[in-house]
$ cat input_25.tsv   # TSV, C-alpha atoms and all ligand atoms
chain	number	residue	atom	x	y	z
W	1	GLU	CA	-11.66	-8.78	4.40
W	2	ALA	CA	-9.99	-8.85	1.00
W	3	GLY	CA	-7.19	-11.05	2.37
W	4	LEU	CA	-4.50	-8.51	1.44
W	5	LEU	CA	-3.00	-8.34	4.89
W	6	GLU	CA	-3.42	-9.90	8.27
W	7	ILE	CA	-2.76	-8.25	11.61
W	8	ASN	CA	-2.24	-10.20	14.78
W	9	ALA	CA	-2.11	-8.20	18.03
W	10	VAL	CA	-0.18	-9.87	20.84
W	11	LYS	CA	-0.51	-8.78	24.46
W	12	ILE	CA	2.85	-9.13	26.17
W	13	ARG	CA	1.13	-9.14	29.56
W	14	ASP	CA	-0.38	-12.55	28.63
W	15	TYR	CA	3.18	-13.91	28.77
W	16	SER	CA	3.84	-12.81	32.35
W	17	THR	CA	4.33	-15.59	34.88
W	18	ASN	CA	3.65	-13.20	37.76
W	19	LYS	CA	0.34	-13.65	39.58
W	20	HIS	CA	-0.49	-9.97	38.99
W	21	MET	CA	0.56	-10.31	35.33
W	22	LYS	CA	3.30	-7.78	36.00
W	23	VAL	CA	5.80	-7.26	33.14
W	24	ASP	CA	7.92	-4.40	34.50
W	25	ASP	CA	10.39	-3.73	37.28
W	26	TYR	CA	12.71	-1.05	38.67
W	27	PRO	CA	15.78	-0.14	36.61
W	28	TYR	CA	19.16	-1.49	37.72
W	29	GLY	CA	21.33	1.48	38.59
W	30	GLY	CA	18.35	3.50	39.80
W	31	GLY	CA	16.44	6.31	38.16
W	32	ALA	CA	12.82	7.17	37.49
W	33	GLY	CA	10.24	4.88	35.92
W	34	LEU	CA	9.96	1.18	35.22
W	35	VAL	CA	11.54	-1.08	32.61
W	36	MET	CA	9.83	-3.95	30.79
W	37	GLN	CA	11.38	-7.26	31.79
W	38	PRO	CA	12.99	-9.44	29.11
W	39	GLU	CA	11.25	-12.77	29.75
W	40	PRO	CA	7.61	-11.87	28.82
W	41	VAL	CA	8.88	-10.18	25.63
W	42	TYR	CA	11.02	-13.23	24.85
W	43	ARG	CA	8.12	-15.65	25.42
W	44	ALA	CA	5.70	-13.53	23.35
W	45	TYR	CA	8.22	-13.38	20.49
W	46	LYS	CA	9.00	-17.12	20.57
W	47	ASP	CA	5.28	-17.90	20.49
W	48	LEU	CA	4.85	-15.71	17.40
W	49	GLU	CA	7.96	-16.96	15.63
W	50	LYS	CA	6.92	-20.59	15.77
W	51	ASP	CA	4.01	-19.92	13.37
W	52	MET	CA	6.13	-18.02	10.86
W	53	LYS	CA	7.66	-19.31	7.65
W	54	LYS	CA	11.09	-17.82	8.35
W	55	LYS	CA	12.69	-15.53	10.92
W	56	PRO	CA	10.66	-12.32	10.57
W	57	ARG	CA	12.11	-8.81	10.51
W	58	VAL	CA	11.56	-7.45	14.03
W	59	VAL	CA	11.08	-3.71	14.43
W	60	TYR	CA	11.21	-2.05	17.84
W	61	LEU	CA	9.24	1.21	18.09
W	62	THR	CA	11.16	3.65	20.25
W	63	PRO	CA	11.96	7.38	20.35
W	64	GLN	CA	15.64	6.25	20.28
W	65	GLY	CA	15.18	4.72	16.82
W	66	THR	CA	16.02	6.11	13.37
W	67	THR	CA	13.31	8.42	12.10
W	68	PHE	CA	10.77	6.72	9.85
W	69	HIS	CA	10.46	7.86	6.24
W	70	GLN	CA	8.91	6.75	2.95
W	71	GLU	CA	11.96	4.77	1.78
W	72	MET	CA	11.76	2.67	4.95
W	73	ALA	CA	8.05	2.06	4.29
W	74	LYS	CA	8.99	0.77	0.82
W	75	GLU	CA	11.66	-1.53	2.28
W	76	LEU	CA	9.29	-2.94	4.91
W	77	ALA	CA	6.54	-3.45	2.32
W	78	LYS	CA	8.77	-6.07	0.61
W	79	GLU	CA	8.63	-8.30	3.69
W	80	GLU	CA	6.21	-11.19	3.85
W	81	GLU	CA	5.91	-10.94	7.64
W	82	LEU	CA	6.89	-8.27	10.14
W	83	VAL	CA	6.92	-8.07	13.92
W	84	PHE	CA	6.45	-4.70	15.61
W	85	LEU	CA	7.57	-4.65	19.22
W	86	CYS	CA	6.00	-1.86	21.26
W	87	GLY	CA	7.60	-0.68	24.48
W	88	HIS	CA	6.07	1.13	27.42
W	89	TYR	CA	7.41	2.97	30.44
W	90	GLU	CA	11.15	3.66	30.21
W	91	GLY	CA	11.60	0.97	27.57
W	92	ILE	CA	12.52	-2.71	27.42
W	93	ASP	CA	15.47	-4.56	28.99
W	94	GLN	CA	18.33	-4.18	26.50
W	95	ARG	CA	19.28	-7.88	26.45
W	96	VAL	CA	16.11	-9.06	24.72
W	97	LEU	CA	16.45	-6.16	22.26
W	98	ASP	CA	20.08	-7.06	21.49
W	99	LYS	CA	19.09	-10.63	20.74
W	100	TYR	CA	15.87	-10.26	18.70
W	101	ILE	CA	15.56	-6.77	17.23
W	102	ASP	CA	16.59	-6.04	13.63
W	103	MET	CA	15.80	-2.34	13.57
W	104	GLU	CA	14.71	0.48	15.89
W	105	ILE	CA	12.30	3.03	14.44
W	106	SER	CA	10.97	6.33	15.80
W	107	ILE	CA	8.06	8.09	14.09
W	108	GLY	CA	9.33	11.52	15.13
W	109	ASP	CA	10.93	13.63	17.80
W	110	TYR	CA	8.19	13.44	20.41
W	111	ILE	CA	7.34	10.96	23.15
W	112	LEU	CA	4.27	8.74	23.02
W	113	THR	CA	2.95	6.70	25.98
W	114	GLY	CA	3.81	3.52	24.11
W	115	GLY	CA	4.91	2.17	20.75
W	116	GLU	CA	1.43	1.01	19.69
W	117	THR	CA	0.33	4.22	17.98
W	118	ALA	CA	3.74	4.36	16.25
W	119	ALA	CA	3.21	0.75	15.07
W	120	MET	CA	-0.19	1.79	13.67
W	121	VAL	CA	1.50	4.56	11.69
W	122	LEU	CA	3.95	2.02	10.23
W	123	ILE	CA	1.19	-0.48	9.49
W	124	ASP	CA	-0.80	2.19	7.65
W	125	SER	CA	2.11	3.47	5.56
W	126	VAL	CA	3.39	-0.03	4.73
W	127	SER	CA	0.02	-1.58	3.91
W	128	ARG	CA	-0.96	1.16	1.46
W	129	LEU	CA	2.04	0.04	-0.61
W	130	ILE	CA	0.70	-3.50	-0.91
W	131	PRO	CA	-0.85	-3.99	-4.36
W	132	GLY	CA	-4.65	-3.92	-4.10
W	133	VAL	CA	-4.89	-1.98	-0.83
W	134	LEU	CA	-5.40	1.37	-2.57
W	135	GLY	CA	-8.10	1.79	-5.20
W	136	SER	CA	-7.01	2.74	-8.73
W	137	ALA	CA	-8.13	6.34	-8.06
W	138	GLU	CA	-5.55	6.74	-5.29
W	139	SER	CA	-2.35	5.17	-6.56
W	140	ALA	CA	0.70	5.29	-4.31
W	141	GLY	CA	3.02	6.85	-6.87
W	142	ASP	CA	2.64	10.51	-7.76
W	143	GLU	CA	2.64	12.22	-4.40
W	144	SER	CA	4.80	14.04	-1.87
W	145	PHE	CA	8.26	12.49	-1.48
W	146	SER	CA	7.81	10.51	-4.70
W	147	GLN	CA	8.13	13.68	-6.77
W	148	ALA	CA	11.85	14.41	-6.98
W	149	GLY	CA	11.93	14.97	-3.22
W	150	LEU	CA	9.54	17.95	-3.19
W	151	LEU	CA	6.19	18.40	-1.42
W	152	GLU	CA	3.00	18.20	-3.47
W	153	TYR	CA	1.37	21.17	-5.21
W	154	PRO	CA	-2.08	22.34	-4.01
W	155	GLN	CA	-5.17	20.66	-5.48
W	156	TYR	CA	-8.57	22.08	-6.43
W	157	THR	CA	-11.87	20.53	-7.41
W	158	ARG	CA	-15.44	21.75	-7.97
W	159	PRO	CA	-17.03	24.18	-7.30
W	160	ARG	CA	-15.12	26.71	-9.34
W	161	VAL	CA	-16.00	29.44	-6.81
W	162	PHE	CA	-16.06	28.60	-3.09
W	163	GLU	CA	-16.92	31.32	-0.56
W	164	GLY	CA	-15.87	33.92	-3.13
W	165	MET	CA	-12.51	32.19	-3.79
W	166	GLU	CA	-11.74	31.18	-7.40
W	167	VAL	CA	-9.78	28.16	-8.56
W	168	PRO	CA	-6.45	29.46	-10.01
W	169	SER	CA	-7.20	30.33	-13.62
W	170	VAL	CA	-4.15	28.47	-15.01
W	171	LEU	CA	-5.88	25.18	-14.08
W	172	LEU	CA	-8.95	26.01	-16.16
W	173	ASN	CA	-7.44	26.75	-19.57
W	174	GLY	CA	-6.30	23.22	-20.51
W	175	ASP	CA	-2.71	24.28	-21.32
W	176	HIS	CA	-0.86	21.33	-19.79
W	177	LYS	CA	2.58	22.80	-20.24
W	178	LYS	CA	1.52	25.88	-18.25
W	179	ILE	CA	-0.29	23.73	-15.70
W	180	ASN	CA	2.79	21.56	-15.08
W	181	GLN	CA	4.98	24.64	-14.80
W	182	TRP	CA	2.58	26.23	-12.28
W	183	ARG	CA	2.41	23.01	-10.25
W	184	ARG	CA	6.18	22.70	-10.15
W	185	GLU	CA	6.45	26.30	-8.92
W	186	GLN	CA	3.83	25.64	-6.26
W	187	SER	CA	5.73	22.52	-5.15
W	188	LEU	CA	8.91	24.55	-4.85
W	189	LEU	CA	7.15	27.31	-2.89
W	190	THR	CA	5.40	24.88	-0.50
W	191	THR	CA	8.65	23.01	0.07
W	192	ALA	CA	10.59	26.25	0.66
W	193	ARG	CA	7.97	27.41	3.15
W	194	ASN	CA	7.29	24.16	5.07
W	195	ARG	CA	10.35	21.94	4.57
W	196	PRO	CA	13.35	23.98	3.42
W	197	ASP	CA	15.59	21.04	4.42
W	198	LEU	CA	14.17	19.02	1.50
W	199	LEU	CA	15.34	21.61	-1.06
W	200	LEU	CA	18.94	20.68	-0.29
W	201	THR	CA	18.47	17.12	-1.57
W	202	ALA	CA	15.65	17.63	-4.13
W	203	ALA	CA	16.35	17.16	-7.85
W	204	LEU	CA	16.27	20.83	-8.96
W	205	THR	CA	17.27	22.25	-12.34
W	206	PRO	CA	19.84	25.09	-12.40
W	207	GLU	CA	16.97	27.43	-13.42
W	208	GLU	CA	14.90	26.37	-10.44
W	209	LYS	CA	17.81	26.93	-8.08
W	210	LEU	CA	18.32	30.40	-9.52
W	211	TRP	CA	14.58	31.15	-9.30
W	212	LEU	CA	14.55	30.16	-5.60
W	213	GLN	CA	17.71	32.14	-4.89
W	214	GLN	CA	16.26	35.25	-6.55
W	215	GLN	CA	13.33	35.06	-4.14
W	216	ASP	CA	15.63	34.43	-1.17
W	217	LEU	CA	14.18	30.92	-0.71
W	218	LEU	CA	17.44	29.02	-1.20
U	301	LIG	N1	7.44	5.18	21.59
U	301	LIG	C1	7.32	6.33	22.29
U	301	LIG	N2	7.53	7.39	21.52
U	301	LIG	C2	7.78	6.92	20.26
U	301	LIG	C3	8.07	7.52	19.01
U	301	LIG	N3	8.14	8.85	18.86
U	301	LIG	N4	8.27	6.71	17.95
U	301	LIG	C4	8.21	5.37	18.08
U	301	LIG	N5	7.94	4.74	19.23
U	301	LIG	C5	7.72	5.50	20.31
$ encode --input "input_25.tsv" --output "structure tokens" --more "lines below"
Ligand code: ADE
Amino acid sequence: EAGLLEINAVKIRDYSTNKHMKVDDYPYGGGAGLVMQPEPVYRAYKDLEKDMKKKPRVVYLTPQGTTFHQEMAKELAKEEELVFLCGHYEGIDQRVLDKYIDMEISIGDYILTGGETAAMVLIDSVSRLIPGVLGSAESAGDESFSQAGLLEYPQYTRPRVFEGMEVPSVLLNGDHKKINQWRREQSLLTTARNRPDLLLTAALTPEEKLWLQQQDLL
């Protein structure tokens, strides 16, 4: 509506030449499942490409891809146009992938029925980086993974008492040095608990490393 981005969904089945609009067939070499044939994918892509200013970056969504992360979202957000190719069944014939795909992305170590929901995840994370998509109240900067590689600290808002639980008192006294220190500690604790792998690459001070080691968290 605001003209910030445009999404064009293409149905590969529309590019089948088969009378049943079939786009898949048995794998050469045998094995379970079906493979998407190269020609409908090729025709769908060619049809898209002809309306584009230059050769677009083509991303294939597959569990065999590199795992998606925030830095990749930032890279993709620089592109004027992107094509997300979504596979089904046991995947797509390798020849059309070899010829037209620039990168293969997985959204995590689990199997979806198709790449479409993965493409939606990418579209969401990339479009929120486009200037104007987020309101000023929800800027895309100061959040998990942007903060020296640590997870975010917990947040509180009104009411001050909820179901008998108080907001941590440090947040109420207006001492910003103390507040920042508390938040940093909370970030470290959350990261140690939920994503200890991130601590190995996070930008930690020698004091923070010692503090974590003393609590057996690093
Ligand atoms: N297609 C099926 N599973 C997927 C995953 N985890 N990521 C991206 N595409 C997929």
$ closest_residue --input "input_25.tsv" --among "W:Thr157, W:Gln147, W:Gln215, W:Asn8" --to "Ser187 of chain W" --atoms "all atoms listed in the file"
W:Gln147
$ closest_residue --input "input_25.tsv" --among "W:Leu129, W:Leu150, W:Ile92, W:Lys177" --to "Leu198 of chain W" --atoms "only C-alpha atoms"
W:Leu150
$ residues_around --input "input_25.tsv" --residues "Thr113 of chain W" --least-positions-apart "4" --cutoff "9 Å" --atoms "all atoms listed in the file" --output "short mmCIF file (atom, residue, chain, number, x, y, z; two decimals) with C-alpha atoms, keeping the file's coordinate frame"
data_model
loop_
_atom_site.label_atom_id
_atom_site.label_comp_id
_atom_site.auth_asym_id
_atom_site.auth_seq_id
_atom_site.Cartn_x
_atom_site.Cartn_y
_atom_site.Cartn_z
CA GLY W 87 7.60 -0.68 24.48
CA HIS W 88 6.07 1.13 27.42
CA TYR W 89 7.41 2.97 30.44
CA THR W 117 0.33 4.22 17.98
#
$ residues_around --input "input_25.tsv" --residues "Leu200 of chain W" --least-positions-apart "3" --cutoff "12 Å" --atoms "all atoms listed in the file" --output "ChimeraX atom specification"
/W:148-150,188,191-192,195-197,203-204,209,212,217-218
$ residues_near_ligand --input "input_25.tsv" --ligand "ligand LIG 301 (chain U)" --cutoff "6 Å" --atoms "all atoms listed in the file" --output "list in words"
Leu61, Thr62, Pro63, Ile105, Ser106, Ile107, Gly108, Asp109, Tyr110, Ile111, Leu112, Thr113, Gly114, Gly115 and Ala118 of chain W
$ closest_residue --input "input_25.tsv" --among "W:Gly30, W:Pro154, W:Gly3, W:Gly164" --to "Glu90 of chain W" --atoms "all atoms listed in the file"
W:Gly30
$ atom_distance --input "input_25.tsv" --atom1 "atom CA of Arg95 of chain W" --atom2 "atom CA of Gly65 of chain W"
16.4 Å
$ closest_residue --input "input_25.tsv" --among "W:Glu104, W:Asp47, W:Glu6, W:Glu1" --to "Thr67 of chain W" --atoms "only C-alpha atoms"
W:Glu104
$ closest_residue --input "input_25.tsv" --among "W:Gln64, W:Gln94, W:Ile7, W:Leu171" --to "Val35 of chain W" --atoms "only C-alpha atoms"
W:Gln94
$ residues_around --input "input_25.tsv" --residues "Gln186 of chain W" --least-positions-apart "2" --cutoff "12 Å" --atoms "all atoms listed in the file" --output "ChimeraX atom specification"
/W:150-155,168,179-184,188-194,208,212
$ write_last_selection --input "input_25.tsv" --atoms "C-alpha atoms" --output "PDB file, keeping the file's coordinate frame"
ATOM      1  CA  LEU W 150       9.540  17.950  -3.190  1.00  0.00           C
ATOM      2  CA  LEU W 151       6.190  18.400  -1.420  1.00  0.00           C
ATOM      3  CA  GLU W 152       3.000  18.200  -3.470  1.00  0.00           C
ATOM      4  CA  TYR W 153       1.370  21.170  -5.210  1.00  0.00           C
ATOM      5  CA  PRO W 154      -2.080  22.340  -4.010  1.00  0.00           C
ATOM      6  CA  GLN W 155      -5.170  20.660  -5.480  1.00  0.00           C
ATOM      7  CA  PRO W 168      -6.450  29.460 -10.010  1.00  0.00           C
ATOM      8  CA  ILE W 179      -0.290  23.730 -15.700  1.00  0.00           C
ATOM      9  CA  ASN W 180       2.790  21.560 -15.080  1.00  0.00           C
ATOM     10  CA  GLN W 181       4.980  24.640 -14.800  1.00  0.00           C
ATOM     11  CA  TRP W 182       2.580  26.230 -12.280  1.00  0.00           C
ATOM     12  CA  ARG W 183       2.410  23.010 -10.250  1.00  0.00           C
ATOM     13  CA  ARG W 184       6.180  22.700 -10.150  1.00  0.00           C
ATOM     14  CA  LEU W 188       8.910  24.550  -4.850  1.00  0.00           C
ATOM     15  CA  LEU W 189       7.150  27.310  -2.890  1.00  0.00           C
ATOM     16  CA  THR W 190       5.400  24.880  -0.500  1.00  0.00           C
ATOM     17  CA  THR W 191       8.650  23.010   0.070  1.00  0.00           C
ATOM     18  CA  ALA W 192      10.590  26.250   0.660  1.00  0.00           C
ATOM     19  CA  ARG W 193       7.970  27.410   3.150  1.00  0.00           C
ATOM     20  CA  ASN W 194       7.290  24.160   5.070  1.00  0.00           C
ATOM     21  CA  GLU W 208      14.900  26.370 -10.440  1.00  0.00           C
ATOM     22  CA  LEU W 212      14.550  30.160  -5.600  1.00  0.00           C
TER      23      LEU W 212
END
$ residues_around --input "input_25.tsv" --residues "Gly132 of chain W" --least-positions-apart "5" --cutoff "10 Å" --atoms "only C-alpha atoms" --output "ChimeraX atom specification"
/W:2-4,127,139
$ residues_around --input "input_25.tsv" --residues "Val126 of chain W" --least-positions-apart "4" --cutoff "8 Å" --atoms "all atoms listed in the file" --output "PyMOL selection string"
chain W and resi 73-74+76-77+122+130
$ closest_residue --input "input_25.tsv" --among "W:Asp102, W:Pro56, W:Ala202, W:Leu5" --to "Glu81 of chain W" --atoms "all atoms listed in the file"
W:Pro56
$ atom_distance --input "input_25.tsv" --atom1 "atom CA of Val133 of chain W" --atom2 "atom CA of Leu48 of chain W"
24.8 Å
$ axis_aligned_box --input "input_25.tsv" --around "segment 198-208 of chain W" --padding-each-side "6 Å" --output "lines of an AutoDock Vina configuration file"
center_x = 17.0
center_y = 22.3
center_z = -6.0
size_x = 17.7
size_y = 22.3
size_z = 26.9
$ residues_near_point --input "input_25.tsv" --point "(18.1, 1.2, 7.7)" --cutoff "9 Å" --atoms "only C-alpha atoms" --output "list of chain:residue names"
W:Thr66, W:Met72, W:Glu75, W:Met103, W:Glu104
$ atom_distance --input "input_25.tsv" --atom1 "atom CA of Ser16 of chain W" --atom2 "atom CA of Tyr45 of chain W"
12.7 Å
